[in-house]
Each structure stands twice: as structure tokens, then as C-alpha cells.
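Note: the block below is input_16.csv and it holds CSV, C-alpha atoms and all ligand atoms.
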```csv
chain,number,residue,atom,x,y,z
A,13,MET,CA,-59.8,-56.8,-18.7
A,14,SER,CA,-57.2,-58.9,-16.9
A,15,THR,CA,-54.0,-57.4,-15.6
A,16,LYS,CA,-52.3,-60.8,-15.6
A,17,LYS,CA,-49.0,-60.8,-17.4
A,18,ILE,CA,-47.1,-63.1,-19.7
A,19,ALA,CA,-43.3,-63.0,-19.6
A,20,PRO,CA,-41.6,-65.0,-22.3
A,21,SER,CA,-38.2,-66.3,-21.1
A,22,ILE,CA,-35.5,-65.4,-23.6
A,23,LEU,CA,-33.4,-68.4,-22.3
A,24,ALA,CA,-35.5,-70.5,-24.8
A,25,ALA,CA,-35.0,-68.1,-27.7
A,26,ASP,CA,-32.8,-68.8,-30.7
A,27,PHE,CA,-29.6,-66.9,-29.7
A,28,ALA,CA,-28.4,-66.8,-33.3
A,29,ASN,CA,-31.6,-64.9,-34.2
A,30,LEU,CA,-32.0,-62.9,-31.0
A,31,GLN,CA,-33.1,-59.7,-32.6
A,32,ARG,CA,-35.8,-61.6,-34.5
A,33,ASP,CA,-37.1,-63.2,-31.4
A,34,ILE,CA,-37.1,-60.0,-29.4
A,35,GLU,CA,-39.1,-58.2,-32.1
A,36,MET,CA,-41.5,-61.1,-32.1
A,37,VAL,CA,-42.1,-60.5,-28.3
A,38,ASN,CA,-42.3,-56.7,-29.0
A,39,HIS,CA,-45.1,-57.2,-31.5
A,40,SER,CA,-46.9,-59.9,-29.5
A,41,GLU,CA,-49.4,-59.6,-26.6
A,42,ALA,CA,-46.6,-60.4,-24.1
A,43,ASP,CA,-46.1,-58.0,-21.2
A,44,TRP,CA,-42.5,-58.5,-20.1
A,45,PHE,CA,-39.2,-59.9,-21.2
A,46,HIS,CA,-37.9,-62.5,-18.7
A,47,ILE,CA,-34.1,-62.6,-18.7
A,48,ASP,CA,-32.3,-65.5,-16.9
A,49,ILE,CA,-28.8,-64.7,-15.7
A,50,MET,CA,-27.0,-67.8,-14.4
A,51,ASP,CA,-23.4,-67.9,-13.1
A,52,GLY,CA,-22.6,-71.7,-12.9
A,53,VAL,CA,-22.2,-71.4,-9.1
A,54,PHE,CA,-25.6,-70.7,-7.7
A,55,VAL,CA,-27.1,-72.9,-10.4
A,56,PRO,CA,-25.4,-75.7,-12.3
A,57,ASN,CA,-25.6,-73.8,-15.6
A,58,ILE,CA,-24.2,-70.7,-17.3
A,59,SER,CA,-26.7,-68.7,-19.5
A,60,PHE,CA,-25.5,-65.3,-20.7
A,61,GLY,CA,-24.3,-62.1,-19.1
A,62,MET,CA,-24.1,-58.4,-19.4
A,63,PRO,CA,-23.2,-57.9,-23.1
A,64,VAL,CA,-26.1,-60.0,-24.2
A,65,LEU,CA,-28.5,-58.1,-21.9
A,66,LYS,CA,-27.2,-54.9,-23.4
A,67,ALA,CA,-27.9,-56.2,-26.9
A,68,ILE,CA,-31.4,-57.3,-25.8
A,69,ASN,CA,-32.2,-53.9,-24.3
A,70,LYS,CA,-31.3,-52.2,-27.6
A,71,HIS,CA,-34.3,-53.8,-29.2
A,72,ALA,CA,-36.7,-54.6,-26.4
A,73,THR,CA,-39.7,-52.2,-26.1
A,74,LYS,CA,-41.3,-53.8,-23.0
A,75,THR,CA,-40.5,-54.2,-19.3
A,76,ILE,CA,-37.2,-56.1,-18.7
A,77,ASP,CA,-37.6,-58.5,-15.9
A,78,VAL,CA,-34.1,-59.8,-14.9
A,79,HIS,CA,-33.9,-63.0,-12.8
A,80,LEU,CA,-30.5,-63.3,-11.2
A,81,MET,CA,-29.4,-66.9,-10.5
A,82,ILE,CA,-26.1,-65.8,-9.1
A,83,VAL,CA,-24.2,-65.7,-5.8
A,84,ASP,CA,-23.6,-62.3,-4.2
A,85,PRO,CA,-26.0,-60.4,-6.4
A,86,ASP,CA,-25.3,-57.1,-4.5
A,87,ARG,CA,-22.1,-56.7,-6.5
A,88,TYR,CA,-24.0,-56.2,-9.7
A,89,ILE,CA,-27.1,-54.2,-8.7
A,90,GLN,CA,-26.0,-50.9,-10.3
A,91,THR,CA,-24.6,-52.7,-13.4
A,92,PHE,CA,-28.0,-54.2,-14.1
A,93,ALA,CA,-29.8,-50.9,-13.5
A,94,ASP,CA,-27.4,-49.3,-16.1
A,95,LEU,CA,-28.1,-52.2,-18.5
A,96,GLY,CA,-31.8,-51.4,-18.5
A,97,ALA,CA,-33.4,-53.8,-16.0
A,98,ASN,CA,-36.8,-52.6,-14.8
A,99,VAL,CA,-37.4,-55.5,-12.3
A,100,LEU,CA,-34.4,-57.1,-10.6
A,101,THR,CA,-35.0,-60.4,-8.9
A,102,VAL,CA,-32.5,-62.0,-6.5
A,103,HIS,CA,-32.7,-65.4,-4.9
A,104,TYR,CA,-33.7,-65.6,-1.3
A,105,GLU,CA,-31.1,-68.4,-0.9
A,106,ALA,CA,-28.3,-66.2,-2.3
A,107,CYS,CA,-28.8,-63.2,0.0
A,108,THR,CA,-27.6,-63.0,3.6
A,109,HIS,CA,-28.9,-59.5,4.1
A,110,LEU,CA,-32.0,-59.6,1.9
A,111,HIS,CA,-33.6,-56.5,3.4
A,112,ARG,CA,-30.5,-54.4,2.5
A,113,THR,CA,-30.3,-55.9,-1.0
A,114,LEU,CA,-34.0,-55.0,-1.7
A,115,GLN,CA,-33.4,-51.4,-0.6
A,116,ALA,CA,-30.3,-51.2,-2.8
A,117,ILE,CA,-32.3,-52.4,-5.8
A,118,LYS,CA,-35.0,-49.8,-5.2
A,119,ALA,CA,-32.4,-47.1,-4.7
A,120,ALA,CA,-31.0,-47.9,-8.1
A,121,GLY,CA,-34.5,-47.2,-9.6
A,122,MET,CA,-35.7,-50.8,-10.2
A,123,LYS,CA,-38.5,-52.9,-8.8
A,124,ALA,CA,-37.2,-55.4,-6.3
A,125,GLY,CA,-38.0,-59.1,-6.7
A,126,VAL,CA,-37.2,-62.2,-4.6
A,127,ALA,CA,-37.1,-65.7,-6.1
A,128,LEU,CA,-37.7,-68.8,-4.0
A,129,ASN,CA,-36.4,-72.2,-4.8
A,130,PRO,CA,-38.9,-75.1,-4.7
A,131,HIS,CA,-37.7,-76.1,-1.2
A,132,THR,CA,-37.9,-72.6,0.3
A,133,ASN,CA,-40.9,-71.9,2.6
A,134,ILE,CA,-43.1,-68.9,2.0
A,135,ASN,CA,-43.1,-68.1,5.7
A,136,LEU,CA,-39.5,-66.9,5.4
A,137,LEU,CA,-40.8,-63.8,3.7
A,138,GLU,CA,-43.1,-62.8,6.5
A,139,ASP,CA,-40.9,-60.0,7.9
A,140,VAL,CA,-39.9,-58.6,4.5
A,141,ILE,CA,-43.0,-59.0,2.3
A,142,ASN,CA,-43.9,-55.3,2.4
A,143,ASP,CA,-40.5,-54.4,0.9
A,144,ILE,CA,-40.9,-56.8,-2.0
A,145,ASP,CA,-42.5,-55.7,-5.4
A,146,LEU,CA,-42.4,-59.2,-6.9
A,147,VAL,CA,-42.0,-62.8,-5.5
A,148,CYS,CA,-40.9,-65.3,-8.1
A,149,ILE,CA,-42.0,-68.8,-7.0
A,150,MET,CA,-39.8,-71.3,-8.8
A,151,SER,CA,-41.9,-74.1,-10.1
A,152,VAL,CA,-38.8,-76.0,-11.3
A,153,ASN,CA,-35.3,-76.1,-9.8
A,154,PRO,CA,-33.6,-73.2,-11.4
A,155,GLY,CA,-30.8,-73.7,-13.9
A,156,PHE,CA,-32.5,-75.0,-17.0
A,157,GLY,CA,-35.5,-74.4,-19.3
A,158,GLY,CA,-37.8,-77.2,-20.4
A,159,GLN,CA,-38.3,-78.9,-17.0
A,160,SER,CA,-41.6,-80.2,-15.8
A,161,PHE,CA,-43.8,-78.2,-13.4
A,162,ILE,CA,-43.7,-79.0,-9.7
A,163,GLU,CA,-47.3,-79.4,-8.5
A,164,HIS,CA,-46.6,-78.3,-4.9
A,165,THR,CA,-46.3,-74.8,-6.4
A,166,PHE,CA,-50.1,-74.3,-6.1
A,167,SER,CA,-50.1,-74.5,-2.4
A,168,LYS,CA,-47.1,-72.1,-2.2
A,169,ILE,CA,-49.0,-69.6,-4.3
A,170,LYS,CA,-52.1,-69.7,-2.0
A,171,LYS,CA,-49.9,-69.4,1.1
A,172,LEU,CA,-48.1,-66.4,-0.4
A,173,LYS,CA,-51.3,-64.7,-1.6
A,174,ALA,CA,-52.7,-65.1,2.0
A,175,LEU,CA,-49.5,-63.5,3.4
A,176,ILE,CA,-49.7,-60.6,1.0
A,177,THR,CA,-53.3,-60.0,1.8
A,178,GLU,CA,-52.7,-60.3,5.6
A,179,LYS,CA,-49.8,-57.8,5.5
A,180,GLY,CA,-51.6,-55.4,3.1
A,181,ALA,CA,-48.6,-55.6,0.7
A,182,ALA,CA,-48.7,-54.7,-3.0
A,183,THR,CA,-46.4,-57.6,-4.0
A,184,GLU,CA,-47.0,-59.4,-7.4
A,185,ILE,CA,-46.6,-63.1,-7.7
A,186,GLU,CA,-44.6,-64.6,-10.6
A,187,ILE,CA,-44.4,-68.2,-11.5
A,188,ASP,CA,-41.3,-69.5,-13.3
A,189,GLY,CA,-40.8,-72.9,-14.8
A,190,GLY,CA,-42.9,-75.4,-16.7
A,191,VAL,CA,-45.7,-73.0,-17.4
A,192,ASN,CA,-48.0,-74.0,-20.3
A,193,ASP,CA,-51.6,-73.8,-21.6
A,194,LYS,CA,-52.6,-76.7,-19.2
A,195,ASN,CA,-51.6,-75.0,-15.9
A,196,ALA,CA,-51.9,-71.3,-16.8
A,197,LYS,CA,-55.5,-70.9,-15.8
A,198,ALA,CA,-55.1,-72.7,-12.5
A,199,LEU,CA,-52.0,-70.7,-11.7
A,200,VAL,CA,-53.8,-67.3,-12.0
A,201,ASP,CA,-56.9,-68.7,-10.2
A,202,ALA,CA,-54.5,-69.6,-7.3
A,203,GLY,CA,-53.2,-66.1,-7.2
A,204,ALA,CA,-50.4,-65.7,-9.8
A,205,ASP,CA,-50.0,-62.3,-11.5
A,206,VAL,CA,-47.1,-63.0,-13.9
A,207,LEU,CA,-46.5,-66.2,-15.8
A,208,VAL,CA,-43.0,-66.9,-17.2
A,209,ALA,CA,-43.0,-69.2,-20.2
A,210,GLY,CA,-39.8,-70.2,-22.0
A,211,SER,CA,-39.9,-73.4,-24.0
A,212,PHE,CA,-43.7,-73.5,-24.3
A,213,VAL,CA,-43.5,-70.3,-26.3
A,214,PHE,CA,-40.3,-70.6,-28.2
A,215,ARG,CA,-40.6,-74.3,-29.1
A,216,SER,CA,-44.1,-73.8,-30.4
A,217,GLU,CA,-44.8,-73.6,-34.1
A,218,ASN,CA,-46.1,-70.0,-33.9
A,219,PRO,CA,-44.8,-68.2,-30.8
A,220,THR,CA,-46.8,-65.1,-31.4
A,221,GLN,CA,-50.0,-67.2,-31.4
A,222,THR,CA,-48.9,-69.2,-28.4
A,223,ILE,CA,-48.4,-65.9,-26.4
A,224,GLN,CA,-51.9,-64.8,-27.6
A,225,ASN,CA,-53.4,-68.0,-26.4
A,226,LEU,CA,-51.7,-67.8,-23.0
A,227,LYS,CA,-52.9,-64.2,-22.6
A,228,LYS,CA,-56.5,-65.3,-23.5
A,229,ILE,CA,-56.4,-68.2,-21.0
A,230,VAL,CA,-55.4,-65.8,-18.1
A,231,SER,CA,-57.8,-63.0,-19.0
B,301,LIG,C1,-35.1,-71.6,-15.0
B,301,LIG,C2,-35.4,-70.2,-15.5
B,301,LIG,C3,-36.7,-70.1,-16.2
B,301,LIG,C4,-36.8,-70.8,-17.5
B,301,LIG,C5,-38.2,-71.3,-17.7
B,301,LIG,O1,-34.0,-71.6,-14.2
B,301,LIG,O2,-35.5,-69.4,-14.4
B,301,LIG,O3,-37.1,-68.7,-16.4
B,301,LIG,O4,-36.3,-70.1,-18.6
B,301,LIG,O5,-38.2,-72.1,-18.8
B,301,LIG,P1,-39.4,-73.1,-19.1
B,301,LIG,O6,-40.6,-72.2,-19.3
B,301,LIG,O7,-39.0,-73.8,-20.4
B,301,LIG,O8,-39.6,-74.0,-17.9
B,302,ZN,ZN,-36.3,-67.3,-14.7
```
In C-alpha cells, how does this file's structure come out?
Amino acid sequence: MSTKKIAPSILAADFANLQRDIEMVNHSEADWFHIDIMDGVFVPNISFGMPVLKAINKHATKTIDVHLMIVDPDRYIQTFADLGANVLTVHYEACTHLHRTLQAIKAAGMKAGVALNPHTNINLLEDVINDIDLVCIMSVNPGFGGQSFIEHTFSKIKKLKALITEKGAATEIEIDGGVNDKNAKALVDAGADVLVAGSFVFRSENPTQTIQNLKKIVS
């Protein structure tokens, strides 16, 4: 029985039928809800903010994995805890005092994640890996759903897996962007634990079935 997780990204859901799409995920084999918060400053797009997350949390029955693509995330750590985030991921590139930010996320009762842009080297996490619950390797440049997967991600996963093993850390590896049924197996074989999938799930004819297929592929 595999413990690999599938996390549908709500960014690709139909916002006019949000409750329907959340319930679809609740009743599917998906493990987590992946929630993308974008501020139009850290990334060149604005997604949705606190009131929408509050509405999602009202219906969601699974782990809420919040991916913050915002500058100065420290300002909102308690807010996201209050809104029901279970995992809170900040960007390495947005945190001057990453170690302090991670402690603050944990003190607020959440798991602490760090996302890396495609250009950011895994080695930069060497001194902080034991404090990180989840590393989100961006396999596209953050800001938009529906982009194509960057192949270099595979070597980053292997490098990160080696670092986690070397340091005896319990960090999970999440892959975000361009995940589909063609690359899912290779991603988990390389060391990924959580696969985020947005457009591949929600643009498919039968999202519940698509999630089930992904889950089967990674098992
Ligand atoms: C991109 C977001 C992703 C996005 C993935 O900035 O962080 O979570 O929703 O979407 P797909 O799976 O369509 O690449
Ligand atoms: Zn994301």
C-alpha cells in the first residue's frame, strides 16, 4: 500500500461551482486539497485570498495544503492557521529569515513547507532541511496552472532525496506544476511523496476517475 499522495489544485476548479468541486475531491481518492494563494507581486497573477479559503474550509474534509506565492508571508501565518490550513508552504525566495518563518508556522500548529522556484538550488536547504516538513519543488514557474512540466525537476528530486537521507530528516517531497499520468510514476520513482495536479484533474472528462488513475499509477 503506497503512502504517496495526490493533491488536486483548486486553482483549476470551476470557481462558480466551488462547493461541487470540493465535494468531488472529498469523495475521491485524493489525499490533500492544494490551495494556491497568489498576490500579484511575488508572482505575476492574483488567484484568491482569505474569504475563498474560508469558504473552501467549510466543505473540505481532507488536509488543506496552502501554497503561498506572496511576499512577506510572515504577516499572515496566524491568519492562515485560523482559516484552517494544515500545511503552510512559503517560498524560499520570499523569506529573508526562513528559519524563523518555519518556527512561526509550527508554533501556529501547522506543518511547515518551503517551495523552490525552478532556478533555486536544492543545496540552499542544507542548513534548514531538518526544520522542514515539506519541500515543494516547483516544476513550472509559479503563477499559472496549465503550464508544461520542466524536465530538470527530476534531478532536483534526486538531489533533495539524497539530502533528506543524509541529514536523517523526515521531510516530504511535493511536486507542483505540469503533473499528469505520463510523468507521475517517474516522479514517485525519483523520490516524490506528494503530487499536485490542477488542470490534468479538473480539465479531464471525469475528475474523480482521473484522481483514481493517478493514485493507481503512484501505488
Ligand atoms: C502554479 C501553482 C500550481 C498549479 C498547478 O503556480 O502553484 O499549484 O495550480 O497547476 P497544473 O497542475 O495545471 O500545472
Ligand atoms: Zn501550488
Write out as a Markdown table a residue-level contact list of chain A versus ligand ZN 302 (chain B) with cut-off 6 Å: for each qualifying residue the closest pair of atoms and the distance in Å to one decimal, counting all atoms listed in the file, rows sorted by chain and residue number upward.
```
| residue | atom | partner | partner_atom | distance |
| --- | --- | --- | --- | --- |
| A:Asp48 | CA | B:ZN302 | ZN | 4.9 |
| A:His79 | CA | B:ZN302 | ZN | 5.3 |
| A:Asp188 | CA | B:ZN302 | ZN | 5.6 |
```
- Task: Counting all atoms listed in the file, name the residues that have an atom within 7 Å of an atom of ligand LIG 301 (chain B); the answer should be given as a ChimeraX atom specification.
- Result: /A:21-24,46,48,79,152-160,188-191,208-212
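Across the structure, CA of Leu207 (chain A) and CA of Pro20 (chain A) are spaced 8.2 Å apart.
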- Query: Interatomic distance between CA of Asn192 (chain A) and CA of Phe92 (chain A)?
  - Reply: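 CA of Phe92 (chain A) lies at a distance of 28.8 Å from CA of Asn192 (chain A).
CA of Glu35 (chain A) to CA of Asp94 (chain A) spans 21.7 Å [interatomic distance, one decimal].
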- Using all atoms listed in the file: which of A:Ile117, A:Ile89, A:Leu100, A:Val230 has the shortest distance to Ile47 (chain A):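 Of the candidates, the smallest distance to Ile47 (chain A) is held by A:Leu100.
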- Task: Name the closest residue to Ala42 (chain A) among the candidates A:Phe161, A:Gly121, A:Thr222, A:Ile187; distances are taken between atoms, counting all atoms listed in the file.
- Result: A:Thr222
- What lies within 9 Å of Leu114 (chain A) using only C-alpha atoms, ignoring chain neighbours under 5 positions off, as a list of chain:residue names? A:Val102, A:His109, A:Ala119, A:Lys123, A:Ala124, A:Gly125, A:Val126, A:Asp143, A:Ile144
Neighbour residues at most 6 Å from (-49.9, -60.5, -5.9) (all atoms listed in the file) as a compact mmCIF listing (two decimals) with C-alpha atoms, in the frame of the given file:
```txt
# COMPACT_ATOMS: atom_id res chain seq x y z
CA THR A 183 -46.40 -57.60 -4.00
CA GLU A 184 -47.00 -59.40 -7.40
CA ILE A 185 -46.60 -63.10 -7.70
CA ASP A 205 -50.00 -62.30 -11.50
```
